[in-house]
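The data block below is entry_18.cif; it holds mmCIF, C-alpha atoms.
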data_protein
#
loop_
_atom_site.label_atom_id
_atom_site.label_comp_id
_atom_site.auth_asym_id
_atom_site.auth_seq_id
_atom_site.Cartn_x
_atom_site.Cartn_y
_atom_site.Cartn_z
CA MET A 83 0.00 0.00 0.00
CA LYS A 84 1.18 3.50 -0.79
CA LYS A 85 1.38 5.79 2.19
CA ILE A 86 0.00 9.33 2.44
CA SER A 87 1.48 11.71 5.00
CA VAL A 88 -0.48 14.74 6.15
CA LEU A 89 1.58 17.45 7.86
CA ILE A 90 -0.33 19.91 10.07
CA PRO A 91 1.64 22.71 11.77
CA CYS A 92 -0.04 24.22 14.81
CA TYR A 93 0.43 26.96 17.38
CA ASN A 94 -2.18 27.62 20.08
CA GLU A 95 -4.86 25.69 18.21
CA GLU A 96 -6.64 23.98 21.12
CA GLU A 97 -10.02 24.54 19.46
CA ASN A 98 -8.96 23.03 16.13
CA VAL A 99 -6.51 20.13 16.64
CA VAL A 100 -9.16 17.55 17.58
CA PRO A 101 -11.64 18.49 14.81
CA ILE A 102 -8.92 18.68 12.11
CA SER A 103 -7.50 15.30 13.11
CA LYS A 104 -10.97 13.72 12.93
CA ALA A 105 -11.80 15.41 9.62
CA ALA A 106 -8.50 14.34 8.02
CA THR A 107 -8.65 10.73 9.25
CA ASP A 108 -12.28 10.41 8.15
CA ILE A 109 -11.39 11.60 4.65
CA LEU A 110 -8.39 9.26 4.42
CA GLU A 111 -10.18 6.19 5.77
CA LYS A 112 -13.48 6.62 3.91
CA GLU A 113 -12.43 8.10 0.56
CA LEU A 114 -8.91 6.68 0.27
CA PRO A 115 -9.11 3.26 1.95
CA GLU A 116 -6.57 1.75 -0.43
CA TYR A 117 -3.80 3.90 1.08
CA ASP A 118 -1.97 3.72 4.37
CA TYR A 119 -1.59 7.10 6.10
CA GLU A 120 0.02 9.08 8.88
CA LEU A 121 -0.97 12.41 10.41
CA VAL A 122 1.99 14.44 11.66
CA PHE A 123 1.39 17.47 13.86
CA ILE A 124 4.31 19.80 14.58
CA ASP A 125 3.61 22.13 17.46
CA ASN A 126 5.51 25.41 17.51
CA TYR A 127 5.62 25.82 21.31
CA SER A 128 1.92 26.34 22.06
CA THR A 129 1.07 27.91 25.41
CA ASP A 130 -2.55 26.70 25.63
CA ARG A 131 -3.94 23.11 25.84
CA THR A 132 -2.82 22.16 22.33
CA ARG A 133 -0.06 19.80 23.46
CA ASP A 134 -2.28 18.00 25.98
CA LEU A 135 -4.90 17.44 23.28
CA LEU A 136 -2.25 16.20 20.85
CA ARG A 137 -1.04 13.66 23.42
CA MET A 138 -4.61 12.45 23.84
CA ILE A 139 -5.13 12.15 20.07
CA CYS A 140 -1.87 10.28 19.61
CA SER A 141 -2.75 7.83 22.39
CA GLN A 142 -6.00 6.97 20.61
CA ASN A 143 -4.53 6.46 17.12
CA PRO A 144 -0.94 5.25 16.53
CA LYS A 145 -1.06 6.66 13.00
CA ILE A 146 -1.24 10.17 14.44
CA LYS A 147 2.19 11.53 15.37
CA ALA A 148 3.39 14.71 17.02
CA ILE A 149 6.57 16.75 17.25
CA PHE A 150 6.94 19.36 19.99
CA ASN A 151 9.42 22.20 19.43
CA VAL A 152 11.43 23.59 22.35
CA THR A 153 10.46 27.13 21.32
CA ASN A 154 8.69 29.01 18.55
CA PHE A 155 10.81 28.75 15.40
CA GLY A 156 8.60 30.90 13.19
CA GLN A 157 5.97 30.40 10.55
CA PHE A 158 8.35 29.01 7.90
CA ASN A 159 10.90 26.80 9.65
CA SER A 160 8.45 24.64 11.57
CA PRO A 161 6.26 23.51 8.61
CA TYR A 162 9.31 23.00 6.40
CA TYR A 163 10.98 20.85 9.05
CA GLY A 164 7.76 18.92 9.57
CA ILE A 165 7.50 18.06 5.88
CA CYS A 166 11.06 16.71 6.01
CA GLN A 167 10.10 14.35 8.88
CA THR A 168 7.25 12.63 7.03
CA THR A 169 7.69 9.11 5.66
CA GLY A 170 4.90 8.76 3.10
CA ASP A 171 5.09 8.33 -0.66
CA CYS A 172 3.60 11.82 -0.76
CA THR A 173 3.09 14.55 1.82
CA ILE A 174 0.12 16.90 2.05
CA ALA A 175 0.81 20.10 4.01
CA MET A 176 -2.19 21.98 5.34
CA SER A 177 -3.09 24.44 8.08
CA CYS A 178 -4.81 23.50 11.33
CA ASP A 179 -7.55 26.15 11.19
CA PHE A 180 -9.61 24.60 8.33
CA GLN A 181 -8.73 27.42 5.93
CA ASP A 182 -7.12 24.70 3.80
CA PRO A 183 -10.09 22.44 2.95
CA VAL A 184 -9.60 18.79 3.92
CA GLU A 185 -11.99 17.88 1.09
CA LEU A 186 -9.18 18.59 -1.37
CA ILE A 187 -7.05 15.71 -0.07
CA PRO A 188 -8.61 13.14 -2.48
CA VAL A 189 -8.35 15.67 -5.33
CA PHE A 190 -4.64 16.15 -4.66
CA VAL A 191 -4.04 12.39 -4.46
CA HIS A 192 -5.91 11.82 -7.74
CA GLU A 193 -3.73 14.39 -9.54
CA TRP A 194 -0.63 12.85 -7.94
CA GLU A 195 -1.61 9.44 -9.30
CA ASN A 196 -1.92 11.07 -12.72
CA GLY A 197 1.82 11.74 -12.61
CA TYR A 198 2.16 15.18 -11.07
CA LYS A 199 4.97 15.51 -8.51
CA ILE A 200 3.51 18.63 -6.89
CA VAL A 201 -0.13 19.59 -6.57
CA SER A 202 -0.45 23.14 -5.26
CA GLY A 203 -3.60 24.67 -3.82
CA ILE A 204 -4.24 28.11 -5.29
CA LYS A 205 -6.71 30.51 -3.68
CA SER A 206 -9.05 31.75 -6.40
CA SER A 207 -11.03 33.70 -3.81
CA SER A 208 -11.28 34.01 -0.05
CA LYS A 209 -13.87 34.61 2.64
CA GLU A 210 -11.29 36.46 4.73
CA ASN A 211 -11.19 40.23 5.06
CA GLY A 212 -11.50 41.71 1.56
CA PHE A 213 -8.90 44.40 2.16
CA ILE A 214 -6.35 41.84 3.38
CA TYR A 215 -7.03 39.66 0.35
CA PHE A 216 -6.53 42.69 -1.91
CA LEU A 217 -3.19 43.46 -0.25
CA ARG A 218 -2.12 39.82 -0.68
CA SER A 219 -3.04 39.97 -4.36
CA MET A 220 -0.97 43.11 -4.85
CA TYR A 221 1.97 41.54 -3.02
CA TYR A 222 1.88 38.40 -5.16
CA LYS A 223 1.76 40.41 -8.39
CA VAL A 224 4.63 42.66 -7.32
CA ILE A 225 6.89 39.84 -6.16
CA LYS A 226 6.06 37.80 -9.28
CA ASN A 227 7.07 40.65 -11.57
CA MET A 228 10.27 41.43 -9.67
CA SER A 229 11.51 37.90 -9.00
CA SER A 230 13.88 36.00 -11.26
CA VAL A 231 11.87 32.90 -10.30
CA GLU A 232 8.28 32.61 -11.52
CA MET A 233 6.53 32.91 -8.17
CA ILE A 234 3.11 31.28 -7.73
CA GLU A 235 0.28 33.70 -6.97
CA HIS A 236 -1.94 32.95 -3.94
CA PHE A 237 0.01 29.84 -3.03
CA THR A 238 0.60 29.50 0.72
CA GLY A 239 2.26 26.08 0.82
CA PHE A 240 -1.00 24.11 0.95
CA GLY A 241 -0.58 21.20 -1.42
CA LEU A 242 0.82 17.73 -2.09
CA TYR A 243 4.52 16.95 -2.49
CA ASP A 244 5.88 13.72 -3.89
CA LYS A 245 8.54 11.95 -1.82
CA THR A 246 11.15 12.82 -4.47
CA PHE A 247 10.49 16.51 -3.81
CA VAL A 248 10.52 15.93 -0.05
CA LYS A 249 13.99 14.38 -0.45
CA LEU A 250 15.05 17.54 -2.29
CA LEU A 251 13.79 19.64 0.63
CA GLN A 252 15.80 17.48 3.02
CA GLN A 253 18.95 18.11 0.98
CA LEU A 254 18.60 21.90 0.83
CA ASP A 255 20.92 23.54 3.33
CA ASP A 256 18.95 26.69 4.15
CA PRO A 257 18.38 27.89 7.74
CA ILE A 258 15.50 30.17 6.67
CA PRO A 259 13.66 28.21 3.97
CA PHE A 260 10.77 29.77 2.06
CA ILE A 261 8.69 26.83 0.87
CA ARG A 262 6.71 28.88 -1.66
CA GLY A 263 9.91 30.04 -3.33
CA VAL A 264 11.43 26.54 -3.27
CA VAL A 265 8.33 25.11 -4.97
CA ALA A 266 8.41 27.86 -7.60
CA GLU A 267 12.13 27.40 -8.23
CA TYR A 268 12.53 23.61 -8.13
CA GLY A 269 8.99 22.30 -8.52
CA TYR A 270 8.41 20.29 -11.69
CA LYS A 271 5.39 18.46 -13.07
CA ARG A 272 3.19 20.77 -11.02
CA LYS A 273 -0.59 20.88 -11.11
CA ASP A 274 -2.48 23.87 -9.71
CA VAL A 275 -5.87 23.25 -8.07
CA GLU A 276 -7.98 26.32 -7.34
CA TYR A 277 -10.21 26.63 -4.29
CA GLU A 278 -12.08 29.24 -2.29
CA GLN A 279 -10.45 29.81 1.07
CA PRO A 280 -13.04 29.49 3.86
CA LYS A 281 -13.03 31.45 7.09
CA ARG A 282 -11.06 30.24 10.06
CA ARG A 283 -13.11 27.65 11.96
CA ALA A 284 -12.24 28.79 15.50
CA GLY A 285 -9.70 30.80 17.43
CA LYS A 286 -7.86 33.81 16.11
CA THR A 287 -5.18 34.07 13.49
CA HIS A 288 -1.59 34.43 14.67
CA ASN A 289 -0.61 36.43 11.60
CA ASN A 290 -0.21 40.15 12.13
CA TRP A 291 1.28 43.03 10.18
CA TYR A 292 4.75 42.21 11.43
CA SER A 293 4.56 38.52 10.42
CA LEU A 294 3.16 39.45 7.01
CA TYR A 295 5.94 42.02 6.58
CA ASP A 296 8.48 39.40 7.64
CA ALA A 297 7.15 36.98 5.01
CA ALA A 298 7.22 39.68 2.33
CA MET A 299 10.80 40.68 3.16
CA LEU A 300 11.98 37.06 3.21
CA SER A 301 10.64 36.45 -0.28
CA PHE A 302 11.83 39.87 -1.49
CA THR A 303 15.41 39.51 -0.26
CA SER A 304 15.70 35.82 -1.18
CA TYR A 305 14.31 35.87 -4.70
CA THR A 306 14.73 39.38 -6.09
CA LYS A 307 17.61 41.68 -7.01
CA ILE A 308 15.37 44.61 -7.81
CA GLY A 309 15.88 46.30 -4.43
CA LEU A 310 19.64 46.63 -4.79
CA ARG A 311 19.36 47.50 -8.48
CA LEU A 312 16.75 50.13 -7.66
CA ALA A 313 19.08 51.65 -5.07
CA THR A 314 21.87 51.81 -7.65
CA PHE A 315 19.71 53.39 -10.34
CA ALA A 316 18.04 55.82 -7.92
CA GLY A 317 21.43 56.87 -6.58
CA PHE A 318 22.73 57.43 -10.10
CA LEU A 319 19.67 59.42 -11.17
CA GLY A 320 19.68 61.44 -7.94
CA SER A 321 23.36 62.29 -8.40
CA ALA A 322 22.83 63.26 -12.04
CA PHE A 323 19.84 65.42 -11.13
CA SER A 324 21.78 67.12 -8.30
CA ILE A 325 24.72 67.88 -10.59
CA LEU A 326 22.35 69.25 -13.26
CA VAL A 327 20.57 71.51 -10.75
CA ALA A 328 23.93 72.71 -9.41
CA LEU A 329 25.17 73.59 -12.90
CA VAL A 330 21.92 75.42 -13.73
CA TYR A 331 22.15 77.47 -10.54
CA LEU A 332 25.82 78.21 -11.20
CA VAL A 333 25.12 79.45 -14.74
CA MET A 334 22.13 81.53 -13.61
CA LYS A 335 24.17 83.06 -10.81
CA LEU A 336 27.04 83.93 -13.18
CA ILE A 337 24.67 85.50 -15.72
CA TRP A 338 22.46 87.42 -13.26
CA TRP A 339 24.94 87.94 -10.45
CA GLU A 340 23.14 90.88 -8.83
CA ARG A 341 19.54 89.92 -9.53
CA PHE A 342 19.59 86.15 -8.78
CA PRO A 343 19.73 85.25 -5.07
CA ALA A 344 20.47 81.53 -4.84
CA GLY A 345 19.54 81.36 -1.17
CA MET A 346 19.24 78.20 0.92
CA ILE A 347 16.20 76.66 -0.79
CA PRO A 348 18.08 74.42 -3.26
CA VAL A 349 20.46 73.34 -0.50
CA LEU A 350 17.59 72.35 1.81
CA ILE A 351 15.72 70.54 -0.97
CA GLY A 352 18.84 68.61 -1.90
CA ILE A 353 19.56 67.64 1.71
CA PHE A 354 16.04 66.39 2.43
CA VAL A 355 15.57 64.54 -0.88
CA ILE A 356 18.96 62.86 -0.89
CA GLY A 357 18.80 62.20 2.86
CA SER A 358 15.41 60.49 2.63
CA MET A 359 16.62 58.38 -0.31
CA GLN A 360 19.68 57.34 1.67
CA LEU A 361 17.62 56.34 4.72
CA PHE A 362 15.22 54.30 2.60
CA PHE A 363 17.93 52.37 0.79
CA ILE A 364 20.07 51.90 3.90
CA GLY A 365 17.03 50.24 5.48
CA LEU A 366 16.50 48.10 2.39
CA LEU A 367 20.17 47.14 2.36
CA GLY A 368 19.80 46.24 6.03
CA GLU A 369 17.07 43.73 5.14
CA TYR A 370 19.44 41.99 2.72
CA ILE A 371 22.25 42.02 5.29
CA MET A 372 19.94 40.57 7.95
CA ASN A 373 18.97 37.80 5.53
CA ILE A 374 22.64 37.06 4.85
CA ASN A 375 23.48 37.18 8.57
CA THR A 376 20.78 34.64 9.43
CA ARG A 377 22.07 32.26 6.78
CA VAL A 378 25.69 32.68 7.87
CA MET A 379 24.82 31.94 11.51
CA HIS A 380 23.39 28.63 10.26
CA LYS A 381 21.13 27.85 13.20
CA PRO A 382 19.13 24.60 13.11
CA LEU A 383 15.70 24.75 11.50
CA VAL A 384 14.01 23.34 14.60
CA VAL A 385 15.10 21.84 17.91
CA GLU A 386 12.73 19.14 19.13
CA GLU A 387 11.60 18.68 22.70
CA GLU A 388 9.52 15.53 22.25
CA ARG A 389 8.26 13.06 19.64
CA ILE A 390 5.17 10.90 19.93
CA ASN A 391 4.35 7.70 17.95
CA PHE A 392 7.47 7.86 15.76
#
Is it possible to express this structure as structure tokens?
Amino acid sequence: MKKISVLIPCYNEEENVVPISKAATDILEKELPEYDYELVFIDNYSTDRTRDLLRMICSQNPKIKAIFNVTNFGQFNSPYYGICQTTGDCTIAMSCDFQDPVELIPVFVHEWENGYKIVSGIKSSSKENGFIYFLRSMYYKVIKNMSSVEMIEHFTGFGLYDKTFVKLLQQLDDPIPFIRGVVAEYGYKRKDVEYEQPKRRAGKTHNNWYSLYDAAMLSFTSYTKIGLRLATFAGFLGSAFSILVALVYLVMKLIWWERFPAGMIPVLIGIFVIGSMQLFFIGLLGEYIMNINTRVMHKPLVVEEERINF
């Protein structure tokens, strides 16, 4: 029997872990009885009852496994590490809050059996906040146009990965992996399946403006050169414009020496414009340096505290 692994990252999901485990096992046992399966939860240092509930679930079904992290390793490292710990012929990664529909599991498996190595879930629409969805759409379009890799719009990592691709993930030596970028860069024989993203079943989202900004900067600094190139071009154009303005003022002053007071206005304009440009691009350069620094430090993806049913 082929084996299907389902990877479910969680963090403070005490209201969802039991329902999602039941929903996933029901789908696998009723609609895909010809396959063996495992459910792997990776908990990113929850502070509520999530871990106690996971222990209870694992004690009731040996096919349900759990990994407990010693601390919170972020929204990218933990799911990536969890995928690498699965043992199935394919791995389906999905969220714990039911915003990734469990009903798509058989659809993904069917496309996988048709020969596709990756089946990615693409949000065609969403029942989340309309303004947030609009901002996400703009972000995906911008990063897609700026990246040297053809990034996948509205792909969050929800999808199926063949074991050959999982082995590739295990071989990548990246302390801050970005699964969406890895799929876009190395994914082959990929099938996109569109779906409408439902609302979160229970609890509150752990994403905030800072985490969304962090995700945007990780993709921006990892897969684009446009920021550094933009700084170079803007610096060149700003310098050329400053030199041109200086020459114009010099000529005007020489021609109308008595009647043309140069004053401090051009000096102040130049200081504020060039100063603001410098601050902006120093900050952008800092994002790249921070990305490099994290990779050079080469910390482990995740440090485990406990494993259950492995």
Hits of the PyMOL selection byres ((chain A and resi 238) around 10) in this structure, as a PDB file with C-alpha atoms, in the coordinates of the input:
ATOM      1  CA  ALA A 175       0.810  20.100   4.010  1.00  0.00           C
ATOM      2  CA  MET A 176      -2.190  21.980   5.340  1.00  0.00           C
ATOM      3  CA  SER A 177      -3.090  24.440   8.080  1.00  0.00           C
ATOM      4  CA  ASP A 182      -7.120  24.700   3.800  1.00  0.00           C
ATOM      5  CA  SER A 202      -0.450  23.140  -5.260  1.00  0.00           C
ATOM      6  CA  GLY A 203      -3.600  24.670  -3.820  1.00  0.00           C
ATOM      7  CA  ILE A 204      -4.240  28.110  -5.290  1.00  0.00           C
ATOM      8  CA  LYS A 205      -6.710  30.510  -3.680  1.00  0.00           C
ATOM      9  CA  ILE A 234       3.110  31.280  -7.730  1.00  0.00           C
ATOM     10  CA  GLU A 235       0.280  33.700  -6.970  1.00  0.00           C
ATOM     11  CA  HIS A 236      -1.940  32.950  -3.940  1.00  0.00           C
ATOM     12  CA  PHE A 237       0.010  29.840  -3.030  1.00  0.00           C
ATOM     13  CA  GLY A 239       2.260  26.080   0.820  1.00  0.00           C
ATOM     14  CA  PHE A 240      -1.000  24.110   0.950  1.00  0.00           C
ATOM     15  CA  GLY A 241      -0.580  21.200  -1.420  1.00  0.00           C
ATOM     16  CA  ILE A 261       8.690  26.830   0.870  1.00  0.00           C
ATOM     17  CA  ARG A 262       6.710  28.880  -1.660  1.00  0.00           C
TER      18      ARG A 262
END
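Within 10 Å of the point (-3.1, 25.2, 21.5), and counting all atoms listed in the file, the protein, DNA and RNA residues are A:Cys92, A:Tyr93, A:Asn94, A:Glu95, A:Glu96, A:Glu97, A:Asn98, A:Val99, A:Asp125, A:Asn126, A:Tyr127, A:Ser128, A:Thr129, A:Asp130, A:Arg131, A:Thr132, A:Arg133, A:Asp134, A:Leu135, A:Leu136, A:Gly285.
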> For the file shown, what are the residues hit by the PyMOL selection byres ((chain A and resi 148-154) around 10), laid out as a PyMOL selection string?
Replying inline: chain A and resi 89-93+121-128+133+136-137+139-140+146-147+155-157+159-160+164+167+384-392
>> List as a ChimeraX atom specification the protein and nucleic acid residues near A:Asp118, meaning an atom at most 9 Å away when only C-alpha atoms are counted, but skip any in the same chain fewer than 6 places from it.
In response: /A:83-87,110-111,170
> Expressed in Å to a single decimal, how great is the separation between atom CA of A:Thr168 and atom CA of A:Val248?
Replying inline: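 Distance reported for this atom pair: 8.5 Å.
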> Which is closest to A:Gln279 among A:Tyr163, A:Phe315, A:Phe180, A:Trp194, if we use only C-alpha atoms?
Replying inline: A:Phe180
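From atom CA of A:Gly368 back to atom CA of A:Ser321, the distance works out to 21.9 Å.
Interatomic distance, atom CA of A:Met379 against atom CA of A:Pro259: 14.0 Å.
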>> I need the residue nearest A:Lys271 from this list: A:Leu242, A:Met228, A:Ile353, A:Leu332. Use all atoms listed in the file for the distance.
In response: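 Of A:Leu242, A:Met228, A:Ile353, A:Leu332, the one nearest A:Lys271 is A:Leu242, counting all atoms listed in the file.
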> Out of A:Ser207, A:Ser103, A:Ser141, A:Gln360, which residue has the shortest atom-to-atom distance to A:Glu278 when counting all atoms listed in the file?
Replying inline: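 The closest residue to A:Glu278 is A:Ser207.
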>> Which residues would end up in the selection if the PyMOL selection byres ((chain A and resi 377) around 12) were applied here, given that I need the answer as a ChimeraX atom specification?
In response: /A:255-259,300,304,370-376,378-383
>> What's around A:Ser358 at 12 Å? Count only C-alpha atoms, leave out sequence neighbours fewer than 6 positions away in its own chain, and write the answer as a ChimeraX atom specification.
In response: /A:316-317,320,351-352,364-365
As a CSV table (one decimal), in the coordinates of the input, could you write out stretch 202-216 of chain A once it has been completed with N, CA and C atoms?
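Contents of selection-v9.csv, as written:
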chain,number,residue,atom,x,y,z
A,202,SER,N,-0.4,21.9,-6.1
A,202,SER,CA,-0.4,23.1,-5.3
A,202,SER,C,-1.9,23.7,-5.2
A,203,GLY,N,-2.3,24.0,-4.0
A,203,GLY,CA,-3.6,24.7,-3.8
A,203,GLY,C,-3.5,26.2,-4.0
A,204,ILE,N,-4.3,26.7,-4.9
A,204,ILE,CA,-4.2,28.1,-5.3
A,204,ILE,C,-5.6,28.8,-4.9
A,205,LYS,N,-5.5,29.8,-4.1
A,205,LYS,CA,-6.7,30.5,-3.7
A,205,LYS,C,-7.3,31.3,-4.8
A,206,SER,N,-8.4,30.9,-5.3
A,206,SER,CA,-9.0,31.8,-6.4
A,206,SER,C,-9.9,32.9,-5.8
A,207,SER,N,-10.3,32.7,-4.6
A,207,SER,CA,-11.0,33.7,-3.8
A,207,SER,C,-10.9,33.3,-2.3
A,208,SER,N,-11.4,34.2,-1.5
A,208,SER,CA,-11.3,34.0,0.0
A,208,SER,C,-12.4,34.7,0.7
A,209,LYS,N,-12.8,34.0,1.8
A,209,LYS,CA,-13.9,34.6,2.6
A,209,LYS,C,-13.3,35.4,3.8
A,210,GLU,N,-11.9,35.6,3.7
A,210,GLU,CA,-11.3,36.5,4.7
A,210,GLU,C,-11.6,37.9,4.4
A,211,ASN,N,-11.0,38.8,5.2
A,211,ASN,CA,-11.2,40.2,5.1
A,211,ASN,C,-10.8,40.6,3.6
A,212,GLY,N,-11.7,41.3,3.0
A,212,GLY,CA,-11.5,41.7,1.6
A,212,GLY,C,-10.3,42.6,1.4
A,213,PHE,N,-10.0,43.5,2.3
A,213,PHE,CA,-8.9,44.4,2.2
A,213,PHE,C,-7.6,43.6,2.3
A,214,ILE,N,-7.5,42.7,3.2
A,214,ILE,CA,-6.4,41.8,3.4
A,214,ILE,C,-6.1,41.0,2.1
A,215,TYR,N,-7.2,40.5,1.6
A,215,TYR,CA,-7.0,39.7,0.4
A,215,TYR,C,-6.5,40.5,-0.8
A,216,PHE,N,-7.0,41.8,-0.9
A,216,PHE,CA,-6.5,42.7,-1.9
A,216,PHE,C,-5.0,43.0,-1.7
